[in-house]
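For reference, protein39.tsv is printed below; it contains TSV, C-alpha atoms and all ligand atoms.
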```tsv
chain	number	residue	atom	x	y	z
A	194	MET	CA	-17.61	-9.35	22.33
A	195	ALA	CA	-14.48	-7.22	22.47
A	196	ASP	CA	-14.73	-3.91	24.34
A	197	TYR	CA	-14.25	-1.08	21.88
A	198	GLY	CA	-15.43	1.58	24.32
A	199	ARG	CA	-17.85	4.44	23.82
A	200	ALA	CA	-15.51	6.21	21.38
A	201	SER	CA	-15.92	3.54	18.69
A	202	ILE	CA	-19.67	3.34	19.07
A	203	ASP	CA	-19.96	7.14	19.10
A	204	TYR	CA	-17.80	7.32	15.97
A	205	ILE	CA	-20.16	5.01	14.11
A	206	ALA	CA	-23.23	6.76	15.44
A	207	GLU	CA	-21.91	10.17	14.37
A	208	ASN	CA	-20.99	8.95	10.91
A	209	THR	CA	-24.12	7.01	10.10
A	210	HIS	CA	-27.30	8.45	8.66
A	211	PHE	CA	-30.03	6.45	10.30
A	212	ALA	CA	-33.33	5.70	8.58
A	213	THR	CA	-36.37	6.92	10.48
A	214	ASN	CA	-39.73	5.22	11.12
A	215	VAL	CA	-38.33	1.72	10.75
A	216	THR	CA	-38.75	-1.05	13.33
A	217	TYR	CA	-36.49	-4.09	13.54
A	218	GLN	CA	-38.49	-7.27	12.86
A	219	GLN	CA	-37.61	-10.36	14.86
A	220	HIS	CA	-37.32	-13.74	13.10
A	221	GLN	CA	-39.34	-16.68	14.37
A	222	VAL	CA	-36.50	-19.10	13.57
A	223	THR	CA	-33.43	-19.15	15.85
A	224	ARG	CA	-29.86	-19.39	14.52
A	225	GLU	CA	-29.63	-22.93	15.93
A	226	ILE	CA	-32.79	-24.11	14.19
A	227	ARG	CA	-31.80	-22.55	10.87
A	228	ALA	CA	-28.29	-24.00	11.12
A	229	ASN	CA	-29.72	-27.48	11.49
A	230	SER	CA	-31.17	-27.24	7.99
A	231	LEU	CA	-27.75	-26.35	6.54
A	232	GLY	CA	-24.78	-28.50	5.61
A	233	LYS	CA	-23.74	-31.86	7.01
A	234	TYR	CA	-23.18	-30.96	10.67
A	235	PRO	CA	-25.79	-29.73	13.16
A	236	GLY	CA	-25.13	-26.60	15.23
A	237	PHE	CA	-24.59	-22.94	14.45
A	238	ARG	CA	-21.17	-22.06	13.06
A	239	GLY	CA	-21.89	-18.85	11.15
A	240	CYS	CA	-19.02	-16.35	11.29
A	241	THR	CA	-17.03	-14.03	9.05
A	242	ILE	CA	-13.40	-14.53	8.14
A	243	TRP	CA	-12.19	-11.17	6.90
A	244	PHE	CA	-9.12	-11.20	4.63
A	245	THR	CA	-7.34	-7.85	4.35
A	246	GLY	CA	-4.18	-6.97	2.44
A	247	PHE	CA	-2.78	-5.38	-0.71
A	248	SER	CA	-4.15	-6.10	-4.16
A	249	GLY	CA	-2.42	-9.31	-5.30
A	250	ALA	CA	-1.65	-10.41	-1.74
A	251	GLY	CA	-3.52	-13.67	-2.28
A	252	LYS	CA	-6.80	-12.89	-0.44
A	253	THR	CA	-9.10	-14.26	-3.15
A	254	THR	CA	-6.92	-17.27	-3.97
A	255	ILE	CA	-6.86	-18.35	-0.32
A	256	ALA	CA	-10.52	-17.51	0.42
A	257	PHE	CA	-11.85	-19.35	-2.64
A	258	ALA	CA	-9.68	-22.42	-1.98
A	259	LEU	CA	-10.96	-22.40	1.59
A	260	GLU	CA	-14.55	-22.05	0.35
A	261	GLN	CA	-14.07	-25.14	-1.81
A	262	LYS	CA	-12.51	-27.16	1.02
A	263	LEU	CA	-15.22	-26.23	3.54
A	264	CYS	CA	-18.05	-26.98	1.11
A	265	GLU	CA	-16.50	-30.35	0.26
A	266	LEU	CA	-16.51	-31.15	3.97
A	267	GLY	CA	-20.20	-30.29	4.24
A	268	LEU	CA	-19.63	-26.96	6.00
A	269	PRO	CA	-21.53	-24.18	4.21
A	270	ALA	CA	-19.23	-21.33	3.14
A	271	TYR	CA	-19.46	-18.40	0.76
A	272	GLY	CA	-16.70	-16.18	-0.62
A	273	LEU	CA	-17.48	-12.47	-0.94
A	274	ASP	CA	-14.88	-10.72	-3.07
A	275	GLY	CA	-14.05	-7.06	-3.64
A	276	ASP	CA	-14.01	-7.30	-7.43
A	277	ASN	CA	-17.31	-9.23	-7.45
A	278	MET	CA	-19.17	-7.01	-4.97
A	279	ARG	CA	-18.15	-3.99	-7.04
A	280	HIS	CA	-20.06	-5.58	-9.96
A	281	GLY	CA	-23.32	-5.47	-7.97
A	282	VAL	CA	-24.07	-4.22	-4.45
A	283	CYS	CA	-21.21	-1.70	-4.65
A	284	ILE	CA	-21.32	-0.91	-8.39
A	285	ASN	CA	-21.76	2.82	-7.74
A	286	LEU	CA	-18.64	3.14	-5.57
A	287	GLY	CA	-15.11	4.14	-6.51
A	288	PHE	CA	-11.86	4.18	-4.52
A	289	SER	CA	-11.93	7.53	-2.71
A	290	MET	CA	-11.56	7.23	1.07
A	291	ARG	CA	-15.27	7.90	1.49
A	292	ASP	CA	-16.31	5.35	-1.16
A	293	ARG	CA	-14.04	2.69	0.32
A	294	GLU	CA	-15.62	3.38	3.72
A	295	GLU	CA	-19.11	2.90	2.28
A	296	ASN	CA	-17.92	-0.18	0.35
A	297	ILE	CA	-16.66	-1.81	3.54
A	298	ARG	CA	-19.78	-0.84	5.49
A	299	ARG	CA	-22.03	-2.43	2.86
A	300	VAL	CA	-19.99	-5.61	2.45
A	301	ALA	CA	-19.68	-5.95	6.24
A	302	GLU	CA	-23.48	-5.79	6.51
A	303	VAL	CA	-23.80	-8.43	3.75
A	304	SER	CA	-21.14	-10.58	5.49
A	305	LYS	CA	-23.11	-10.29	8.73
A	306	LEU	CA	-26.24	-11.61	7.02
A	307	PHE	CA	-24.34	-14.60	5.63
A	308	ALA	CA	-22.84	-15.31	9.05
A	309	ASP	CA	-26.21	-14.85	10.76
A	310	SER	CA	-27.72	-17.39	8.35
A	311	GLY	CA	-25.18	-20.01	9.56
A	312	ILE	CA	-22.71	-19.74	6.70
A	313	ILE	CA	-18.95	-19.33	7.10
A	314	CYS	CA	-18.51	-16.10	5.18
A	315	LEU	CA	-15.10	-15.53	3.57
A	316	SER	CA	-14.78	-11.82	2.85
A	317	SER	CA	-11.80	-10.62	0.80
A	318	PHE	CA	-11.40	-6.87	0.62
A	319	ILE	CA	-8.32	-4.68	0.61
A	320	SER	CA	-10.11	-2.73	3.37
A	321	PRO	CA	-7.05	-0.53	3.87
A	322	PHE	CA	-8.26	1.58	6.80
A	323	VAL	CA	-8.29	0.52	10.45
A	324	LYS	CA	-11.49	2.42	11.26
A	325	ASP	CA	-13.44	0.71	8.46
A	326	ARG	CA	-12.31	-2.75	9.54
A	327	MET	CA	-13.13	-1.83	13.13
A	328	GLN	CA	-16.63	-0.91	11.99
A	329	ALA	CA	-16.93	-4.24	10.14
A	330	ARG	CA	-15.93	-6.03	13.35
A	331	LEU	CA	-18.40	-4.04	15.42
A	332	ILE	CA	-21.20	-4.77	12.95
A	333	HIS	CA	-20.61	-8.47	13.61
A	334	GLU	CA	-19.79	-8.54	17.29
A	335	MET	CA	-22.74	-6.31	18.22
A	336	SER	CA	-24.88	-9.07	16.69
A	337	GLY	CA	-23.02	-11.78	18.63
A	338	LEU	CA	-21.17	-13.07	15.56
A	339	MET	CA	-17.49	-14.03	15.37
A	340	PHE	CA	-15.30	-11.80	13.20
A	341	ILE	CA	-11.92	-13.30	12.39
A	342	GLU	CA	-9.52	-10.80	10.87
A	343	VAL	CA	-6.82	-12.36	8.70
A	344	HIS	CA	-4.02	-10.08	7.56
A	345	VAL	CA	-2.67	-11.43	4.29
A	346	SER	CA	0.59	-9.64	4.86
A	347	THR	CA	2.32	-10.33	1.53
A	348	SER	CA	4.74	-7.45	0.94
A	349	LEU	CA	4.00	-4.74	-1.56
A	350	SER	CA	7.11	-5.69	-3.55
A	351	VAL	CA	5.88	-9.29	-3.94
A	352	CYS	CA	2.37	-8.12	-4.90
A	353	GLU	CA	3.77	-5.68	-7.42
A	354	ALA	CA	6.08	-8.31	-8.89
A	355	ARG	CA	3.07	-10.65	-9.30
A	356	ASP	CA	0.84	-7.95	-10.78
A	357	ALA	CA	-1.66	-10.63	-11.85
A	358	LYS	CA	-4.10	-8.02	-13.24
A	359	GLY	CA	-1.54	-5.54	-14.55
A	360	LEU	CA	-2.93	-2.90	-12.17
A	361	TYR	CA	0.36	-1.97	-10.47
A	362	ALA	CA	1.97	-1.22	-13.84
A	363	LYS	CA	-0.99	1.01	-14.70
A	364	ALA	CA	-0.88	2.68	-11.28
A	365	ARG	CA	2.89	3.35	-11.60
A	366	ALA	CA	2.20	4.86	-15.02
A	367	GLY	CA	-0.33	7.19	-13.38
A	368	ALA	CA	-3.34	5.59	-15.06
A	369	ILE	CA	-5.01	4.53	-11.74
A	370	PRO	CA	-4.83	7.38	-9.24
A	371	GLY	CA	-5.30	6.41	-5.59
A	372	PHE	CA	-4.04	2.86	-5.94
A	373	THR	CA	-3.44	1.14	-2.58
A	374	GLY	CA	0.27	0.90	-1.77
A	375	ILE	CA	1.25	3.28	-4.57
A	376	ASP	CA	-0.43	6.58	-3.78
A	377	SER	CA	-3.08	5.48	-1.28
A	378	ASP	CA	-2.36	4.18	2.24
A	379	TYR	CA	-2.71	0.69	3.65
A	380	GLU	CA	-2.94	0.58	7.45
A	381	PRO	CA	-1.99	-2.92	8.65
A	382	PRO	CA	-4.09	-4.45	11.43
A	383	GLU	CA	-2.53	-4.19	14.89
A	384	GLN	CA	-4.12	-7.30	16.39
A	385	PRO	CA	-5.49	-9.58	13.69
A	386	GLU	CA	-6.56	-13.05	14.72
A	387	LEU	CA	-4.22	-14.47	12.06
A	388	ILE	CA	-1.33	-13.26	9.91
A	389	ILE	CA	-0.59	-15.07	6.66
A	390	ASP	CA	2.39	-14.14	4.52
A	391	ALA	CA	1.38	-15.50	1.13
A	392	GLY	CA	4.74	-14.37	-0.22
A	393	GLU	CA	6.41	-16.96	2.01
A	394	GLU	CA	3.95	-19.85	2.01
A	395	THR	CA	1.86	-21.74	-0.55
A	396	PRO	CA	-1.92	-21.27	-0.85
A	397	GLU	CA	-2.33	-24.81	0.55
A	398	GLN	CA	-0.33	-23.89	3.66
A	399	SER	CA	-2.34	-20.69	4.11
A	400	VAL	CA	-5.63	-22.58	3.79
A	401	GLN	CA	-4.40	-25.06	6.39
A	402	HIS	CA	-3.55	-22.21	8.81
A	403	VAL	CA	-7.11	-20.90	8.61
A	404	LEU	CA	-8.57	-24.40	8.93
A	405	ASP	CA	-6.44	-24.98	12.05
A	406	TYR	CA	-7.72	-21.72	13.53
A	407	LEU	CA	-11.34	-22.69	12.79
A	408	TYR	CA	-10.74	-26.06	14.42
A	409	LYS	CA	-9.13	-24.48	17.47
A	410	THR	CA	-12.10	-22.14	17.88
A	411	LYS	CA	-14.48	-25.10	17.41
A	412	ILE	CA	-16.11	-23.72	14.27
A	413	ILE	CA	-14.97	-26.84	12.44
A	414	PRO	CA	-16.10	-29.95	14.32
A	415	GLU	CA	-13.67	-32.70	15.12
A	416	THR	CA	-15.22	-35.21	12.73
A	417	ALA	CA	-14.88	-32.83	9.77
A	418	MET	CA	-11.24	-32.12	10.60
A	419	GLN	CA	-10.62	-35.82	10.95
A	420	GLU	CA	-12.18	-36.44	7.53
A	421	LEU	CA	-9.94	-33.75	6.07
A	422	ARG	CA	-6.81	-35.23	7.58
A	423	GLU	CA	-7.71	-38.74	6.50
A	424	ARG	CA	-8.28	-37.53	2.95
A	425	LYS	CA	-4.96	-35.74	2.97
A	426	THR	CA	-2.76	-38.32	4.58
A	427	GLY	CA	-4.76	-41.53	4.45
A	428	VAL	CA	-4.02	-42.10	8.15
A	429	GLN	CA	-6.62	-43.74	10.34
A	430	ALA	CA	-8.77	-41.93	12.88
A	431	ASP	CA	-7.06	-43.64	15.83
A	432	GLU	CA	-3.76	-42.00	15.02
A	433	LEU	CA	-5.40	-38.58	15.13
A	434	LYS	CA	-6.92	-38.93	18.58
A	435	ASP	CA	-4.01	-37.34	20.45
A	436	ASP	CA	-4.06	-34.33	18.15
A	437	CYS	CA	-7.78	-33.78	18.73
A	438	THR	CA	-7.48	-34.04	22.52
A	439	GLN	CA	-4.67	-31.48	22.49
A	440	ASN	CA	-6.97	-29.01	20.73
A	441	GLY	CA	-9.60	-29.39	23.44
A	442	HIS	CA	-12.17	-31.20	21.30
A	443	SER	CA	-14.21	-34.04	22.79
A	444	SER	CA	-14.68	-37.23	20.77
A	445	GLU	CA	-18.14	-36.01	19.63
A	446	ALA	CA	-18.70	-33.73	16.59
B	1	LIG	N1	-7.41	2.40	-6.80
B	1	LIG	C1	-7.47	1.10	-6.50
B	1	LIG	N2	-6.88	0.62	-5.37
B	1	LIG	C2	-6.94	-0.67	-5.09
B	1	LIG	N3	-7.58	-1.60	-5.84
B	1	LIG	C3	-8.20	-1.18	-6.98
B	1	LIG	C4	-8.16	0.18	-7.35
B	1	LIG	N4	-8.84	0.30	-8.52
B	1	LIG	C5	-9.29	-0.91	-8.86
B	1	LIG	N5	-8.91	-1.82	-7.93
B	1	LIG	C6	-9.35	-3.22	-7.97
B	1	LIG	O1	-10.40	-3.31	-7.00
B	1	LIG	C7	-10.17	-4.36	-6.09
B	1	LIG	C8	-10.28	-3.89	-4.65
B	1	LIG	O2	-11.59	-3.72	-4.28
B	1	LIG	P1	-11.96	-3.68	-2.76
B	1	LIG	O3	-13.44	-3.55	-2.69
B	1	LIG	O4	-11.37	-4.85	-2.06
B	1	LIG	O5	-11.24	-2.34	-2.26
B	1	LIG	S1	-11.44	-1.55	-0.87
B	1	LIG	O6	-11.51	-2.55	0.19
B	1	LIG	O7	-12.66	-0.78	-0.95
B	1	LIG	O8	-10.26	-0.69	-0.74
B	1	LIG	C9	-8.76	-4.84	-6.30
B	1	LIG	O9	-8.89	-6.25	-6.26
B	1	LIG	P2	-7.87	-7.20	-5.51
B	1	LIG	O10	-6.66	-7.22	-6.39
B	1	LIG	O11	-8.59	-8.52	-5.49
B	1	LIG	O12	-7.60	-6.71	-4.13
B	1	LIG	C10	-8.33	-4.28	-7.63
B	1	LIG	O13	-8.48	-5.26	-8.62
B	2	LIG	N1	1.12	-18.38	-1.77
B	2	LIG	C1	0.21	-17.77	-2.53
B	2	LIG	N2	-1.00	-17.50	-2.02
B	2	LIG	C2	-1.92	-16.86	-2.78
B	2	LIG	N3	-1.71	-16.46	-4.05
B	2	LIG	C3	-0.53	-16.71	-4.61
B	2	LIG	C4	0.48	-17.38	-3.86
B	2	LIG	N4	1.58	-17.50	-4.67
B	2	LIG	C5	1.25	-16.92	-5.84
B	2	LIG	N5	-0.02	-16.47	-5.82
B	2	LIG	C6	-0.66	-15.78	-6.96
B	2	LIG	O1	-0.80	-14.41	-6.60
B	2	LIG	C7	-1.98	-13.87	-7.16
B	2	LIG	C8	-2.81	-13.39	-6.01
B	2	LIG	O2	-3.99	-12.83	-6.52
B	2	LIG	P1	-5.33	-12.76	-5.70
B	2	LIG	O3	-5.61	-14.02	-4.96
B	2	LIG	O4	-6.36	-12.28	-6.67
B	2	LIG	O5	-4.96	-11.64	-4.63
B	2	LIG	P2	-5.92	-10.55	-4.00
B	2	LIG	O6	-7.30	-11.12	-3.91
B	2	LIG	O7	-5.31	-10.29	-2.64
B	2	LIG	O8	-5.84	-9.37	-4.90
B	2	LIG	C9	-2.66	-15.00	-7.94
B	2	LIG	O9	-2.27	-14.93	-9.29
B	2	LIG	C10	-2.08	-16.26	-7.28
B	2	LIG	O10	-2.04	-17.37	-8.15
```

Now that the file is in, can you turn its structure into structure tokens?
Ligand SMILES: Nc1ncnc2c1ncn2[C@@H]1O[C@H](COP(=O)(O)OS(=O)(=O)O)[C@@H](OP(=O)(O)O)[C@H]1O
Ligand SMILES: Nc1ncnc2c1ncn2[C@@H]1O[C@H](COP(=O)(O)OP(=O)(O)O)[C@@H](O)[C@H]1O
Amino acid sequence: MADYGRASIDYIAENTHFATNVTYQQHQVTREIRANSLGKYPGFRGCTIWFTGFSGAGKTTIAFALEQKLCELGLPAYGLDGDNMRHGVCINLGFSMRDREENIRRVAEVSKLFADSGIICLSSFISPFVKDRMQARLIHEMSGLMFIEVHVSTSLSVCEARDAKGLYAKARAGAIPGFTGIDSDYEPPEQPELIIDAGEETPEQSVQHVLDYLYKTKIIPETAMQELRERKTGVQADELKDDCTQNGHSSEA
């Protein structure tokens, strides 16, 4: 777990209204045991990959393509998306600074539950403020879960030119006050685990970057990565051996 120091923990403590008279209940099933009933590969690999960036940066496109690829490989994954969560768990929240903070707190807690259950959780939220993303990270790491921050760094000009949902045009016309990048701030991450410029690369390349990271950190086992490469290139497993050794994987899954 990264060391965020007392200041971060105190910040969260001071800004959280704790419920009283509640006792945390321990599960009888460990993460390892639960993980063995999930997907094709044994072993716990629950974690959260957190995509942050402007509206239209490509967060959802990349996360959902990744979700599909992982599920095809037999690795359980679930995409949590800003637009979708705001249809349910976060339906009563708007886009003020305070509402965004509560939005990110809630979706981080939901992400944590997915990760805890052994699923690779793909969370795509603008999450424009450093302190909210820091809280999301803390929520995971205090529970011993990996939190992988991916900055989808596509420039505002590219996002605005895409304007897939027509929201930038509305925001420029003054019809959506407080729109991120127009009249509401976006604070880029200082030390994300990955940076993806989806203005410069294709969704397939971006998906591959995340897959490579998951392989490097041993979340994706060697055999799954091998299957993926064979599907893609048709090359035989023998030819991939050198690659796998370089990444520090043994010959077992
Ligand atoms: N004011 C304002 N600013 C930014 N975005 C807006 C706004 N109003 C509505 N939308 C739409 O809501 C989606 C972002 O929701 P998020 O939950 O990811 O936002 S946040 O993390 O709480 O900032 C975002 O979706 P994405 O385009 O997928 O990012 C927009 O479609
Ligand atoms: N390299 C790319 N990566 C991701 N999306 C891209 C890329 N090139 C173009 N796009 C398009 O940009 C838009 C991105 O929208 P979306 O994935 O919903 O972004 P976000 O979730 O960040 O708001 C989509 O219409 C997508 O097809």

Pull the closest atom pair for each residue of chain A that gets at most 6 Å from ligand LIG 1 (chain B), along with the distance in Å to one decimal, counting only C-alpha atoms and all ligand atoms, ordering rows by chain and then ascending residue number, as a Markdown table.
```
| residue | atom | partner | partner_atom | distance |
| --- | --- | --- | --- | --- |
| A:Ser248 | CA | B:LIG1 | O12 | 3.5 |
| A:Gly249 | CA | B:LIG1 | O10 | 4.9 |
| A:Gly275 | CA | B:LIG1 | O3 | 3.7 |
| A:Asp276 | CA | B:LIG1 | C7 | 5.0 |
| A:Phe288 | CA | B:LIG1 | N1 | 5.3 |
| A:Arg293 | CA | B:LIG1 | O7 | 3.9 |
| A:Asn296 | CA | B:LIG1 | O7 | 5.5 |
| A:Phe318 | CA | B:LIG1 | O4 | 3.4 |
| A:Ile319 | CA | B:LIG1 | O6 | 3.9 |
| A:Ser320 | CA | B:LIG1 | O6 | 3.5 |
| A:Pro321 | CA | B:LIG1 | O8 | 5.6 |
| A:Ile369 | CA | B:LIG1 | N1 | 5.9 |
| A:Gly371 | CA | B:LIG1 | N1 | 4.7 |
| A:Phe372 | CA | B:LIG1 | N1 | 3.5 |
| A:Thr373 | CA | B:LIG1 | N2 | 4.5 |
```

Per residue of chain A within 7 Å of ligand LIG 2 (chain B), note the shortest atom pair and the distance in Å to one decimal, counting only C-alpha atoms and all ligand atoms, and order the rows by chain and increasing residue number, as CSV.
```
residue,atom,partner,partner_atom,distance
A:Gly246,CA,B:LIG2,O7,6.2
A:Phe247,CA,B:LIG2,O7,5.9
A:Ser248,CA,B:LIG2,O8,3.8
A:Gly249,CA,B:LIG2,O8,3.4
A:Ala250,CA,B:LIG2,O7,3.8
A:Gly251,CA,B:LIG2,O3,3.4
A:Lys252,CA,B:LIG2,O7,3.7
A:Thr253,CA,B:LIG2,O6,3.7
A:Thr254,CA,B:LIG2,O3,3.6
A:Ile255,CA,B:LIG2,C2,5.7
A:Ser317,CA,B:LIG2,O6,6.5
A:Arg355,CA,B:LIG2,O1,6.0
A:Ala357,CA,B:LIG2,O9,5.0
A:Ala391,CA,B:LIG2,N1,4.1
A:Gly392,CA,B:LIG2,N1,5.6
A:Glu393,CA,B:LIG2,N1,6.7
A:Glu394,CA,B:LIG2,N1,4.9
A:Thr395,CA,B:LIG2,N1,3.7
A:Pro396,CA,B:LIG2,N2,4.1
```

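With CA of Ile389 (chain A) on one side and CA of Val403 (chain A) on the other, the separation reads 9.0 Å.
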
### Message
Set the distance at 12 Å and use only C-alpha atoms: which residues neighbour Tyr406 (chain A) once local chain neighbours fewer than 2 positions away are removed? I'd like the list as an NGL selection string.
### Response
:A and (242 or 341-343 or 386-389 or 399-404 or 408-414 or 418 or 440)

re CA of His280 (chain A) and CA of Val300 (chain A): distance 12.4 Å

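For the choices A:Val345, A:Leu338, A:Leu407, A:Leu268, the atom-to-atom distance to Asp390 (chain A) is smallest for A:Val345 when using all atoms listed in the file.
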
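Straight-line separation from CA of Thr241 (chain A) to CA of Thr416 (chain A): 21.6 Å.
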
Could you give me the axis-aligned bounding box of region 418-421 of chain A, with 3 Å of padding per side, as centre plus edge lengths in Å to one decimal, as JSON?
```
{"center_x": -11.1, "center_y": -34.3, "center_z": 8.5, "size_x": 8.2, "size_y": 10.3, "size_z": 10.9}
```
